[in-house]
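Notes for the one structure printed next.
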Amino acid sequence: MLEISGYAFPNDVHVTWSLMIVMYPYITGFVAGSFIVTSLYHLFGRQEFKPVARLAMATSFAFLLVASLPLQLHLGQPQRGPSVMITPHFTSAMAGFGILYSFYLVVLLLEVWFVWRQEIIERAKRHRGLARTFYAVLALGTYDQSPEAVEIDHRAIQILAGIGLPAACMLHGYVGFIFGAIKANPWWSTPLMPVIFLLSAAVSGIALLVILYQVFARVGRRPVDAEAISALARWLWFFLILTITLELLELIVMAYERSESWLIISELITTRLEFSYVTVQMIVGGLIPFILLAVVVLMNRFLHERVRNTLSTVAAFLCLLQVFSMRWNIVIGGQLLSKSLRGLRSPYEPEAFGREGVLMAAALLIAPFVILWVFDRVLGIEEAEGEDGRGEAPGTETGSAPSPTA
Amino acid sequence: MDPKTQISPAVPSEEVDPPAGPTRRQFLAASVRLSGGAVVFLMGAAASPNEGPEKAAEVKGEAYNWDEHRYAYLVDTSKCIGCGACVRACKAENQVPDGFYRTWVERYVVGMEDSHVDSPEGGLNGFSPIQVGFPVTKSFFVPKLCNHCRATPCTQVCPVGASYRTKDGAVLVDGERCIGCGYCVQACPFGSRFLHPVTHTASKCTWCYHRITKGLRPACVTACPTGTRQFGDLRQEGDPVRQAIENDRVSILQGHLLTEPQCYYLHLDKEVR
Amino acid sequence: MEHARHVFRVALVLIVVLVVFFLTRGFLVPKSYGLYGPYRFDNVKEQMNARAPLYAGAASCGECHAEEFAKRAGGSHKNVNCEVCHAPLALHVKADGSVVAPPVDRSFTLCARCHRRILGRPLKFPQVVLEQHVPGPVQGKVCLECHDPHSPKI
């Protein structure tokens with residue numbers, strides 16, 4: 001039931017930005033974070049990330065395809081959504097969505113195409129009938145596999161990664177700007193917001209890959225590269241430290257400056273957001289993974305592989321939780337306080353079913369993994385070194401050609 | 001026991017105004033014209049032909065030119081009695097849905113150490129007696145509405161340009177183009193906006209644009225029994241609202257945000273945000 | 001450059017997509033968009049004609065109800081719009097001139113909304129504690145037993 005403590009403006013009692021708006025930065029966070037990982041290999045040439053690079057790019061792609069769905073589901077008039085692309089109002093950060101999303105989609109699509117071009121050509125040659133046509137169209141009718149062409153591909157990948165990295169960062173950073181530039185809401189209004197969003201996006205992306213890489217390797221019966229896990233854990237730790245530092249810094253400065261919004265914000269944190277902010281975001285999601293990852297990074301030499309993997313995985317799960325709760329606390333928390341700065345409304349409870357409900361959010365989270373599975377079946381995520389990529393279903397044959405009607 | 005205390009130049013009520021409120025015939029004619037013809041802007045275009053010839057004779061030459069007007073609103077909080085007639089009039093005039101408010105009235109009960117604010121249903125049915133847990137030194141009502149800011153953040157953040165500001169100063173929402181994203185609702189520092197529960201688009205006070213462009217005043221101003229709410233035109237010489245803003249000590253809400261509200265307040269207290 | 005053929009093909013596909021997008025966009029942008037700003041200018045007219053005005057002000061009531069109008073003009077409710085207690089004009093007189101009896105609340109609730117003593121009203125404004133002001137029980141149309149709403153001051 002809706003309860004107001006203190007005084008809220010009469011129109012301020014509705015939470016208009018729902019669970020879907022929490023999901024959107026969460027998903028674009030994975031897009032940007034995964035892309036950062038793949039760029040560490042493709043752009044900066046860090047070899048320790050080679051085992052993860054392709055998976056990271058496919059993950060970024062899979063989440064990108066889902067990224068616009070939470071927005072469409074949230075709109076009051078979803079059939080008018082395309083207006084953002086047709087008549088964008090450029091003073092609005094939200095209008096940036098059309099441009100940034102399309103641009104990054106094109107860049108990533110191209111990069112995926114160049115990276116997987118050899119696989120496409122191989123499969124075009126191997127198949128017959130409809131599948132062959134499909135791959136032939138995908139290959140744009142060219143079957144050049146010469147070393148010069150491969151060299152050109154590598155240059156293209158590098159250039160695209162160079163363009164794609166700032167594009168991915170902007171695709172997620174603008175979401176932070178959407179919140180940070182609202183002077184009306186003191187919980188949101190800060191120049192740090194785009195930076196915090198981007199850093200926590202990196203955290204979520206790397207954490208996801210820590211888990212996904214191990215799952216993928218386990219299912220494909222490939223060894224988990226210890227160097228890759230160590231590197232992922234190290235970068236995860238760095239980004240986690242940066243994120244938590246900035247999040248805490250914001251709070252500390254607000255408390256110190258004690259400007260007019262501080263009273264209601266401290267009430268917000270200690271009452272409505274006590275569990276999700278203090279317990280989940282800071283302690284369970286912040287302090288504990290910080291300690292676990294500190295062990296993994298600082299004692300890297302002394303750790304058995306099993307221990308390192310387990311610690312990293314647990315820390316990664318907790319980081320995923322941290323990033324989700326951070327998005328929740330910002331989006332929902334900011335709407336729990338009234339612009340009167342005198343009142344809070346009761347916590348928002350998302351509906352279970354329905355367009356903006358919990359079930360829908362779960363479906364949005366599962367969908368990219370389904371896409372990844374399809375990606376693996378169609379193109380094969382890992383490089384075909386005499387064996388085809390495998391789907392996540394166990395028991396798939398190794399080393400044999402997929403059926404013609406794949 | 002004169003209900004109207006002359007503290008500042010007040011706009012006299014409708015019937016003693018030199019340009020008197022519309023007669024019933026004019027009012028009905030305006031309504032009929034509205035359903036028939038369309039008002040055309042003076043952009044060098046001729047006025048469109050009216051439907052009935054007798055109506056045309058009466059409203060001839062009333063093509064509206066927004067360059068000639070720049071509207072402003074004045075609220076004298078020392079006069080408000082919290083009757084809620086304005087909220088009821090707005091709700092009827094604009095078919096505002098239940099639970100949402102295009103305008104509302106707040107009551108402030110203030111002591112030296114503490115203050116209490118309430119707005120039961122936005123003041124729709126007036127206010128009830130109240131007890132507070134501290135000694136009260138002063139109490140007053142503050143009507144609120146969309147401030148139609150000159151540098152408004154709500155139109156700045158609209159991703160499709162559905163929210164805009166007209167040349168005569170009103171901030172409006174194009175209900176046909178609004179996508180219902182809710183960004184403007186978040187961006188308004190005054191809580192003036194809401195998402196309409198039926199159309200799922202943004203909605204807010206329009207200063208009764210359908211009235212002011214016909215020479216009428218917003219419904220809330222027409223209904224206010226004490227002269228608290230006044231509507232004026234900064235482009236008209238001798239307009240009382242313009243004179244008040246030019247000569248008296250006026251306040252605006254949340255001035256530090258530099259949104260340049262066009263609703264000005266007289267006798268605003270520090271407790272009001 | 002022969003080995004870069006696939007790159008040119010990709011570039012071509014991209015250009016085609018962009019051209020198609022801009023062509024389509026040209027058809028979808030509303031005609032009056034951008035005339036005076038980043039909005040659909042036609043909407044201004046639409047808003048002007050959004051609905052028929054409901055309230056008209058007291059002067060228009062006086063045309064038919066001259067007696068009450070005169071009584072009110074001489075009393076302390078002279079600045080209270082008739083439509084505050086009675087219905088707005090458009091609910092009483094339809095566009096075609098036909099008349100519908102407007103609802104009017106004659107109970108004490110209507111008067112109390114302005115005149116019951118509560119915190120917030122200016123002290124000089126006439127307000128009473130109903131239980132002390134009314135000799136009997138506060139119910140029904142008790143205010144009308146002594147006051148004429150069109151010239152209420154006794």
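All residue names refer to the structure tokens as shown: chains lettered A, B, ... in order, residues numbered from 1 in each chain, ligands numbered from 1 in order.
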Legend entry - Sel. of strand (DSSP E) residues, range 32-221 of chain B, as a PyMOL selection string: chain B and resi 71-76+103-110+115-118+138-145+163-165+171-173+194-195+202-203
Just-selected residues, N, CA and C atoms written as a CSV table (one decimal), in the first residue's frame:
chain,number,residue,atom,x,y,z
B,71,TYR,N,2.5,35.7,-21.5
B,71,TYR,CA,1.6,35.6,-20.3
B,71,TYR,C,2.5,35.4,-19.1
B,72,ALA,N,1.9,35.8,-17.9
B,72,ALA,CA,2.5,35.5,-16.6
B,72,ALA,C,1.4,35.3,-15.6
B,73,TYR,N,1.8,34.7,-14.5
B,73,TYR,CA,0.8,34.3,-13.5
B,73,TYR,C,1.3,34.9,-12.2
B,74,LEU,N,0.4,35.3,-11.4
B,74,LEU,CA,0.8,35.9,-10.1
B,74,LEU,C,-0.1,35.3,-9.0
B,75,VAL,N,0.6,34.9,-7.9
B,75,VAL,CA,-0.2,34.3,-6.8
B,75,VAL,C,0.1,35.1,-5.5
B,76,ASP,N,-0.9,35.5,-4.9
B,76,ASP,CA,-0.7,36.3,-3.6
B,76,ASP,C,-1.1,35.3,-2.5
B,103,THR,N,-3.1,21.5,-10.8
B,103,THR,CA,-2.8,22.5,-9.8
B,103,THR,C,-3.3,22.0,-8.5
B,104,TRP,N,-2.6,22.5,-7.4
B,104,TRP,CA,-3.0,22.0,-6.1
B,104,TRP,C,-2.7,23.1,-5.1
B,105,VAL,N,-3.2,23.0,-3.9
B,105,VAL,CA,-3.0,23.9,-2.8
B,105,VAL,C,-2.3,23.2,-1.7
B,106,GLU,N,-1.2,23.8,-1.1
B,106,GLU,CA,-0.6,23.3,0.0
B,106,GLU,C,-0.8,24.1,1.3
B,107,ARG,N,-0.9,23.5,2.4
B,107,ARG,CA,-1.0,24.3,3.6
B,107,ARG,C,0.3,24.1,4.4
B,108,TYR,N,0.8,25.3,4.9
B,108,TYR,CA,2.0,25.3,5.7
B,108,TYR,C,1.6,25.7,7.1
B,109,VAL,N,2.0,24.9,8.1
B,109,VAL,CA,1.7,25.2,9.5
B,109,VAL,C,3.1,25.3,10.1
B,110,VAL,N,3.5,26.5,10.6
B,110,VAL,CA,4.9,26.7,10.9
B,110,VAL,C,5.1,27.2,12.3
B,115,SER,N,8.0,22.6,11.1
B,115,SER,CA,6.9,23.0,10.2
B,115,SER,C,6.2,21.7,9.7
B,116,HIS,N,5.0,21.9,9.3
B,116,HIS,CA,4.2,20.8,8.8
B,116,HIS,C,3.5,21.2,7.5
B,117,VAL,N,3.6,20.4,6.5
B,117,VAL,CA,2.9,20.7,5.2
B,117,VAL,C,1.9,19.6,4.9
B,118,ASP,N,0.7,20.0,4.4
B,118,ASP,CA,-0.2,19.0,4.0
B,118,ASP,C,-1.0,19.5,2.8
B,138,LYS,N,2.7,30.6,12.7
B,138,LYS,CA,2.0,31.1,11.5
B,138,LYS,C,1.5,30.0,10.6
B,139,SER,N,0.5,30.2,9.8
B,139,SER,CA,0.1,29.2,8.9
B,139,SER,C,-0.5,29.9,7.7
B,140,PHE,N,-0.4,29.2,6.5
B,140,PHE,CA,-0.8,29.9,5.3
B,140,PHE,C,-1.0,28.8,4.2
B,141,PHE,N,-1.7,29.2,3.2
B,141,PHE,CA,-1.8,28.3,2.0
B,141,PHE,C,-1.0,28.8,0.8
B,142,VAL,N,-0.5,27.8,0.1
B,142,VAL,CA,0.3,28.2,-1.1
B,142,VAL,C,-0.3,27.4,-2.3
B,143,PRO,N,-1.0,28.1,-3.2
B,143,PRO,CA,-1.4,27.4,-4.5
B,143,PRO,C,-0.2,27.1,-5.4
B,144,LYS,N,-0.2,26.0,-6.0
B,144,LYS,CA,0.9,25.6,-6.9
B,144,LYS,C,0.4,25.2,-8.2
B,145,LEU,N,1.1,25.4,-9.3
B,145,LEU,CA,0.8,24.9,-10.6
B,145,LEU,C,2.0,24.9,-11.4
B,163,SER,N,7.2,18.1,-26.0
B,163,SER,CA,7.0,19.1,-25.0
B,163,SER,C,7.7,20.4,-25.5
B,164,TYR,N,7.0,21.5,-25.5
B,164,TYR,CA,7.6,22.7,-26.1
B,164,TYR,C,7.0,23.9,-25.5
B,165,ARG,N,7.6,25.0,-25.8
B,165,ARG,CA,7.2,26.3,-25.2
B,165,ARG,C,6.7,27.2,-26.4
B,171,VAL,N,4.0,26.5,-21.7
B,171,VAL,CA,4.7,25.2,-22.0
B,171,VAL,C,3.6,24.1,-22.2
B,172,LEU,N,3.6,23.5,-23.3
B,172,LEU,CA,2.6,22.5,-23.7
B,172,LEU,C,3.2,21.2,-24.0
B,173,VAL,N,2.3,20.2,-24.0
B,173,VAL,CA,2.7,18.8,-24.4
B,173,VAL,C,1.8,18.4,-25.6
B,194,PHE,N,2.7,14.8,-14.7
B,194,PHE,CA,2.4,13.5,-14.4
B,194,PHE,C,2.1,12.7,-15.7
B,195,LEU,N,2.1,11.4,-15.6
B,195,LEU,CA,1.7,10.6,-16.8
B,195,LEU,C,0.2,10.3,-16.7
B,202,ALA,N,2.4,12.4,-21.2
B,202,ALA,CA,2.7,13.4,-20.1
B,202,ALA,C,1.6,14.5,-20.2
B,203,SER,N,1.2,14.9,-19.0
B,203,SER,CA,0.1,15.9,-18.9
B,203,SER,C,0.4,16.9,-17.8
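Residues of chain A lying within 9 Å of chain C, counting only C-alpha atoms, are Ser83, Met85, Ile86, Thr87, Pro88, His89, Val106, Leu110, Ala139, Leu140, Gly141, Thr142, Tyr143, Asp144, Gln145, Ser146, Glu148, Ala149, Val150, Ile152, Asp153 and Ala156 of chain A.
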Legend entry - Neighbour list for range 69-84 of chain C as a PyMOL selection string, cut-off 6 Å, only C-alpha atoms, skip fewer than 6 positions in-chain: (chain B and resi 13+223+225) or (chain C and resi 58+62+150-151)
Inset, instruction - Please identify all polymer residues within 10 Å of range 100-109 of chain C, counting only C-alpha atoms, omitting same-chain residues fewer than 3 positions from it, and present them as a list in words. - result: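 Residues near the query, excluding close chain neighbours: Asn125 of chain B; Glu83, Val84, Cys85, His86, Ala87, Pro88, Leu89, Ala90, Leu91, His92, Val93, Lys94, Gly97, Ala112, Arg113, Cys114, His115, Arg116, Leu130, Val138, Gln139, Gly140, Lys141, Val142, Cys143, Leu144 and Pro149 of chain C.
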Would you export the selected residues with C-alpha atoms as a short mmCIF file (atom, residue, chain, number, x, y, z; two decimals), in the first residue's frame, please?
data_model
loop_
_atom_site.label_atom_id
_atom_site.label_comp_id
_atom_site.auth_asym_id
_atom_site.auth_seq_id
_atom_site.Cartn_x
_atom_site.Cartn_y
_atom_site.Cartn_z
CA ASN B 125 -12.23 19.40 -1.18
CA GLU C 83 -19.70 29.12 -10.60
CA VAL C 84 -17.79 28.34 -7.41
CA CYS C 85 -21.01 27.34 -5.66
CA HIS C 86 -23.08 26.64 -8.75
CA ALA C 87 -21.98 24.70 -11.78
CA PRO C 88 -19.82 26.18 -14.55
CA LEU C 89 -21.77 27.82 -17.34
CA ALA C 90 -21.19 25.13 -19.93
CA LEU C 91 -22.81 22.51 -17.72
CA HIS C 92 -25.87 24.72 -17.35
CA VAL C 93 -26.38 26.23 -20.78
CA LYS C 94 -25.55 23.99 -23.68
CA GLY C 97 -28.91 27.31 -25.99
CA ALA C 112 -17.67 25.18 5.61
CA ARG C 113 -15.09 24.67 2.90
CA CYS C 114 -14.40 28.38 2.96
CA HIS C 115 -15.69 29.52 6.29
CA ARG C 116 -14.88 26.84 8.84
CA LEU C 130 -19.18 25.80 13.35
CA VAL C 138 -24.35 21.21 12.51
CA GLN C 139 -26.14 19.27 9.79
CA GLY C 140 -28.03 19.66 6.54
CA LYS C 141 -28.72 23.17 5.27
CA VAL C 142 -28.21 24.81 8.61
CA CYS C 143 -26.27 27.80 7.21
CA LEU C 144 -29.18 28.77 4.95
CA PRO C 149 -25.74 32.96 0.10
#
Legend entry - chain B contacts on chain A, only C-alpha atoms, 7 Å, as a ChimeraX atom specification: /A:7,9-12,16,75-78,80-81,83-84,87-89,91-95,182,184,339-340
Legend entry - 8 Å contacts from chain C to chain B using only C-alpha atoms, as JSON, numbers by chain: {"C": [38, 39, 40, 43, 44, 45, 47, 48, 49, 50, 51, 52, 53, 54, 55, 56, 57, 58, 59, 60, 61, 63, 76, 79, 80, 81, 83, 84, 95, 113, 114, 117, 118, 119, 120, 121, 122, 124, 125, 126]}
Those residues you just picked out, can you put them in a file as a tab-separated table (two decimals), in the first residue's frame with N, CA and C atoms?
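Final output, again.tsv:
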chain	number	residue	atom	x	y	z
C	38	PRO	N	11.68	22.74	-32.26
C	38	PRO	CA	11.66	21.28	-32.42
C	38	PRO	C	10.36	20.66	-31.95
C	39	TYR	N	9.26	21.10	-32.50
C	39	TYR	CA	7.98	20.52	-32.15
C	39	TYR	C	7.04	20.66	-33.33
C	40	ARG	N	5.93	19.97	-33.21
C	40	ARG	CA	4.94	19.98	-34.29
C	40	ARG	C	4.06	21.20	-34.12
C	43	ASN	N	0.26	21.45	-33.45
C	43	ASN	CA	-0.31	21.15	-32.15
C	43	ASN	C	-0.75	22.40	-31.43
C	44	VAL	N	-0.13	23.54	-31.73
C	44	VAL	CA	-0.51	24.77	-31.03
C	44	VAL	C	-1.97	25.08	-31.31
C	45	LYS	N	-2.34	24.97	-32.58
C	45	LYS	CA	-3.74	25.18	-32.94
C	45	LYS	C	-4.64	24.15	-32.27
C	47	GLN	N	-4.20	22.67	-29.51
C	47	GLN	CA	-4.35	22.96	-28.09
C	47	GLN	C	-5.31	24.12	-27.89
C	48	MET	N	-5.28	25.09	-28.80
C	48	MET	CA	-6.20	26.21	-28.69
C	48	MET	C	-7.64	25.73	-28.78
C	49	ASN	N	-7.86	24.69	-29.55
C	49	ASN	CA	-9.21	24.16	-29.75
C	49	ASN	C	-9.42	22.85	-29.03
C	50	ALA	N	-8.62	22.60	-28.00
C	50	ALA	CA	-8.66	21.29	-27.37
C	50	ALA	C	-10.03	20.96	-26.80
C	51	ARG	N	-10.67	21.94	-26.22
C	51	ARG	CA	-11.99	21.68	-25.66
C	51	ARG	C	-12.75	22.99	-25.56
C	52	ALA	N	-14.08	22.86	-25.36
C	52	ALA	CA	-14.89	24.05	-25.17
C	52	ALA	C	-14.72	24.53	-23.74
C	53	PRO	N	-14.55	25.83	-23.54
C	53	PRO	CA	-14.39	26.33	-22.17
C	53	PRO	C	-15.63	26.02	-21.33
C	54	LEU	N	-15.38	25.70	-20.07
C	54	LEU	CA	-16.48	25.34	-19.18
C	54	LEU	C	-16.93	26.55	-18.37
C	55	TYR	N	-15.96	27.26	-17.80
C	55	TYR	CA	-16.27	28.38	-16.91
C	55	TYR	C	-16.35	29.68	-17.70
C	56	ALA	N	-17.24	30.56	-17.28
C	56	ALA	CA	-17.42	31.79	-18.04
C	56	ALA	C	-17.25	33.04	-17.19
C	57	GLY	N	-17.35	32.91	-15.89
C	57	GLY	CA	-17.28	34.11	-15.06
C	57	GLY	C	-18.67	34.62	-14.74
C	58	ALA	N	-18.74	35.40	-13.66
C	58	ALA	CA	-20.05	35.81	-13.13
C	58	ALA	C	-20.83	36.69	-14.09
C	59	ALA	N	-20.15	37.50	-14.87
C	59	ALA	CA	-20.86	38.45	-15.74
C	59	ALA	C	-21.83	37.72	-16.65
C	60	SER	N	-21.43	36.55	-17.14
C	60	SER	CA	-22.31	35.85	-18.07
C	60	SER	C	-23.52	35.27	-17.35
C	61	CYS	N	-23.41	35.01	-16.03
C	61	CYS	CA	-24.58	34.53	-15.28
C	61	CYS	C	-25.59	35.67	-15.13
C	63	GLU	N	-26.56	37.89	-16.99
C	63	GLU	CA	-27.43	38.21	-18.13
C	63	GLU	C	-28.83	37.65	-17.96
C	76	SER	N	-21.35	40.80	0.52
C	76	SER	CA	-19.94	40.51	0.76
C	76	SER	C	-19.43	39.35	-0.10
C	79	ASN	N	-17.26	39.30	-4.86
C	79	ASN	CA	-16.12	38.85	-5.66
C	79	ASN	C	-16.05	37.34	-5.79
C	80	VAL	N	-17.08	36.66	-5.29
C	80	VAL	CA	-17.08	35.20	-5.41
C	80	VAL	C	-17.83	34.83	-6.68
C	81	ASN	N	-17.15	34.18	-7.56
C	81	ASN	CA	-17.73	33.75	-8.82
C	81	ASN	C	-18.91	32.82	-8.57
C	83	GLU	N	-19.98	30.50	-10.23
C	83	GLU	CA	-19.70	29.12	-10.60
C	83	GLU	C	-18.96	28.34	-9.52
C	84	VAL	N	-18.46	29.05	-8.50
C	84	VAL	CA	-17.79	28.34	-7.41
C	84	VAL	C	-18.81	27.51	-6.64
C	95	ALA	N	-24.45	24.41	-25.77
C	95	ALA	CA	-24.05	25.22	-26.92
C	95	ALA	C	-25.24	25.62	-27.77
C	113	ARG	N	-16.35	24.75	3.63
C	113	ARG	CA	-15.09	24.67	2.90
C	113	ARG	C	-14.34	25.99	2.88
C	114	CYS	N	-15.07	27.08	2.92
C	114	CYS	CA	-14.40	28.38	2.96
C	114	CYS	C	-14.40	28.98	4.36
C	117	ARG	N	-13.38	27.56	10.58
C	117	ARG	CA	-12.09	28.03	11.08
C	117	ARG	C	-11.08	26.90	11.06
C	118	ILE	N	-10.00	27.10	10.33
C	118	ILE	CA	-8.90	26.13	10.32
C	118	ILE	C	-7.59	26.88	10.27
C	119	LEU	N	-6.53	26.18	10.63
C	119	LEU	CA	-5.20	26.78	10.50
C	119	LEU	C	-4.91	26.99	9.03
C	120	GLY	N	-4.39	28.16	8.71
C	120	GLY	CA	-3.99	28.43	7.33
C	120	GLY	C	-4.68	29.63	6.75
C	121	ARG	N	-5.94	29.85	7.11
C	121	ARG	CA	-6.66	30.98	6.52
C	121	ARG	C	-6.17	32.29	7.12
C	122	PRO	N	-6.14	33.35	6.30
C	122	PRO	CA	-5.74	34.67	6.85
C	122	PRO	C	-6.68	35.03	8.02
C	124	LYS	N	-7.93	37.74	9.06
C	124	LYS	CA	-9.00	38.70	8.82
C	124	LYS	C	-10.15	38.09	8.04
C	125	PHE	N	-9.95	36.92	7.51
C	125	PHE	CA	-10.99	36.30	6.68
C	125	PHE	C	-12.11	35.77	7.59
C	126	PRO	N	-13.35	36.01	7.23
C	126	PRO	CA	-14.46	35.57	8.09
C	126	PRO	C	-14.54	34.04	8.18
Inset, instruction - Grab the CA of Lys183 in chain A to CA of Met170 in chain A distance for me, in Å with one decimal place. - result: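 Those two atoms sit 20.9 Å apart.
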Inset, instruction - Run DSSP on the backbone of this structure and report the residues of range 60-238 of chain B it assigns to alpha helix (DSSP H), as a PyMOL selection string. - result: chain B and resi 85-94+153-156+183-187+209-212+219-223
With N, CA and C atoms kept, could you save the residues just selected as a JSON list (two decimals), in the first residue's frame?
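Below you can see out.json, which holds the result:
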[["chain", "number", "residue", "atom", "x", "y", "z"],
["B", 85, "ALA", "N", -11.46, 25.84, -4.58],
["B", 85, "ALA", "CA", -12.30, 26.08, -5.75],
["B", 85, "ALA", "C", -11.48, 26.00, -7.03],
["B", 86, "CYS", "N", -10.24, 26.43, -6.96],
["B", 86, "CYS", "CA", -9.37, 26.41, -8.13],
["B", 86, "CYS", "C", -9.10, 24.98, -8.57],
["B", 87, "VAL", "N", -8.83, 24.11, -7.60],
["B", 87, "VAL", "CA", -8.51, 22.72, -7.93],
["B", 87, "VAL", "C", -9.74, 22.05, -8.56],
["B", 88, "ARG", "N", -10.91, 22.36, -7.99],
["B", 88, "ARG", "CA", -12.13, 21.75, -8.54],
["B", 88, "ARG", "C", -12.42, 22.30, -9.93],
["B", 89, "ALA", "N", -12.21, 23.59, -10.12],
["B", 89, "ALA", "CA", -12.48, 24.18, -11.43],
["B", 89, "ALA", "C", -11.54, 23.61, -12.48],
["B", 90, "CYS", "N", -10.26, 23.46, -12.12],
["B", 90, "CYS", "CA", -9.30, 22.92, -13.08],
["B", 90, "CYS", "C", -9.67, 21.49, -13.43],
["B", 91, "LYS", "N", -10.07, 20.74, -12.44],
["B", 91, "LYS", "CA", -10.40, 19.33, -12.67],
["B", 91, "LYS", "C", -11.58, 19.21, -13.62],
["B", 92, "ALA", "N", -12.58, 20.09, -13.42],
["B", 92, "ALA", "CA", -13.75, 20.04, -14.29],
["B", 92, "ALA", "C", -13.42, 20.55, -15.68],
["B", 93, "GLU", "N", -12.71, 21.66, -15.73],
["B", 93, "GLU", "CA", -12.43, 22.29, -17.02],
["B", 93, "GLU", "C", -11.57, 21.40, -17.90],
["B", 94, "ASN", "N", -10.58, 20.72, -17.31],
["B", 94, "ASN", "CA", -9.61, 19.98, -18.10],
["B", 94, "ASN", "C", -9.74, 18.46, -17.97],
["B", 153, "PRO", "N", 13.59, 22.87, -17.78],
["B", 153, "PRO", "CA", 14.27, 21.60, -18.03],
["B", 153, "PRO", "C", 13.34, 20.56, -18.65],
["B", 154, "CYS", "N", 12.01, 20.73, -18.50],
["B", 154, "CYS", "CA", 11.14, 19.68, -19.01],
["B", 154, "CYS", "C", 11.13, 19.62, -20.52],
["B", 155, "THR", "N", 11.18, 20.77, -21.19],
["B", 155, "THR", "CA", 11.24, 20.68, -22.66],
["B", 155, "THR", "C", 12.64, 20.31, -23.11],
["B", 156, "GLN", "N", 13.63, 20.65, -22.30],
["B", 156, "GLN", "CA", 15.01, 20.32, -22.67],
["B", 156, "GLN", "C", 15.19, 18.82, -22.77],
["B", 183, "TYR", "N", 10.44, 11.22, -18.91],
["B", 183, "TYR", "CA", 11.65, 11.97, -18.58],
["B", 183, "TYR", "C", 11.29, 13.37, -18.08],
["B", 184, "CYS", "N", 10.30, 13.99, -18.70],
["B", 184, "CYS", "CA", 9.91, 15.34, -18.30],
["B", 184, "CYS", "C", 9.34, 15.33, -16.89],
["B", 185, "VAL", "N", 8.66, 14.26, -16.53],
["B", 185, "VAL", "CA", 8.11, 14.15, -15.18],
["B", 185, "VAL", "C", 9.24, 14.14, -14.16],
["B", 186, "GLN", "N", 10.32, 13.44, -14.50],
["B", 186, "GLN", "CA", 11.47, 13.40, -13.59],
["B", 186, "GLN", "C", 12.18, 14.75, -13.54],
["B", 187, "ALA", "N", 12.17, 15.44, -14.68],
["B", 187, "ALA", "CA", 12.98, 16.66, -14.77],
["B", 187, "ALA", "C", 12.32, 17.87, -14.14],
["B", 209, "TYR", "N", -4.80, 26.83, -22.11],
["B", 209, "TYR", "CA", -4.46, 27.46, -23.37],
["B", 209, "TYR", "C", -5.68, 27.65, -24.26],
["B", 210, "HIS", "N", -6.66, 26.71, -24.13],
["B", 210, "HIS", "CA", -7.85, 26.82, -24.97],
["B", 210, "HIS", "C", -8.73, 28.00, -24.53],
["B", 211, "ARG", "N", -8.44, 28.55, -23.34],
["B", 211, "ARG", "CA", -9.20, 29.69, -22.86],
["B", 211, "ARG", "C", -8.45, 31.00, -23.09],
["B", 212, "ILE", "N", -7.16, 31.00, -22.75],
["B", 212, "ILE", "CA", -6.44, 32.26, -22.79],
["B", 212, "ILE", "C", -6.26, 32.77, -24.21],
["B", 219, "ALA", "N", -9.18, 28.61, -15.87],
["B", 219, "ALA", "CA", -10.33, 28.29, -15.03],
["B", 219, "ALA", "C", -10.05, 28.56, -13.55],
["B", 220, "CYS", "N", -8.80, 28.27, -13.12],
["B", 220, "CYS", "CA", -8.48, 28.46, -11.70],
["B", 220, "CYS", "C", -8.58, 29.93, -11.32],
["B", 221, "VAL", "N", -8.16, 30.81, -12.21],
["B", 221, "VAL", "CA", -8.23, 32.25, -11.93],
["B", 221, "VAL", "C", -9.68, 32.69, -11.89],
["B", 222, "THR", "N", -10.47, 32.17, -12.83],
["B", 222, "THR", "CA", -11.88, 32.52, -12.88],
["B", 222, "THR", "C", -12.61, 32.07, -11.62],
["B", 223, "ALA", "N", -12.17, 30.94, -11.07],
["B", 223, "ALA", "CA", -12.88, 30.40, -9.92],
["B", 223, "ALA", "C", -12.44, 30.99, -8.59]]
Inset, instruction - Go through A:Ile163, A:Leu268, A:Ala231, A:Ala181 one by one, measure the shortest atom-to-atom distance of each to Gln335 in chain A using only C-alpha atoms, and give the residue with the smallest value. - result: A:Leu268
Legend entry - Distance in Å - CA of Arg221 in chain A versus CA of Gly380 in chain A: 14.6 Å
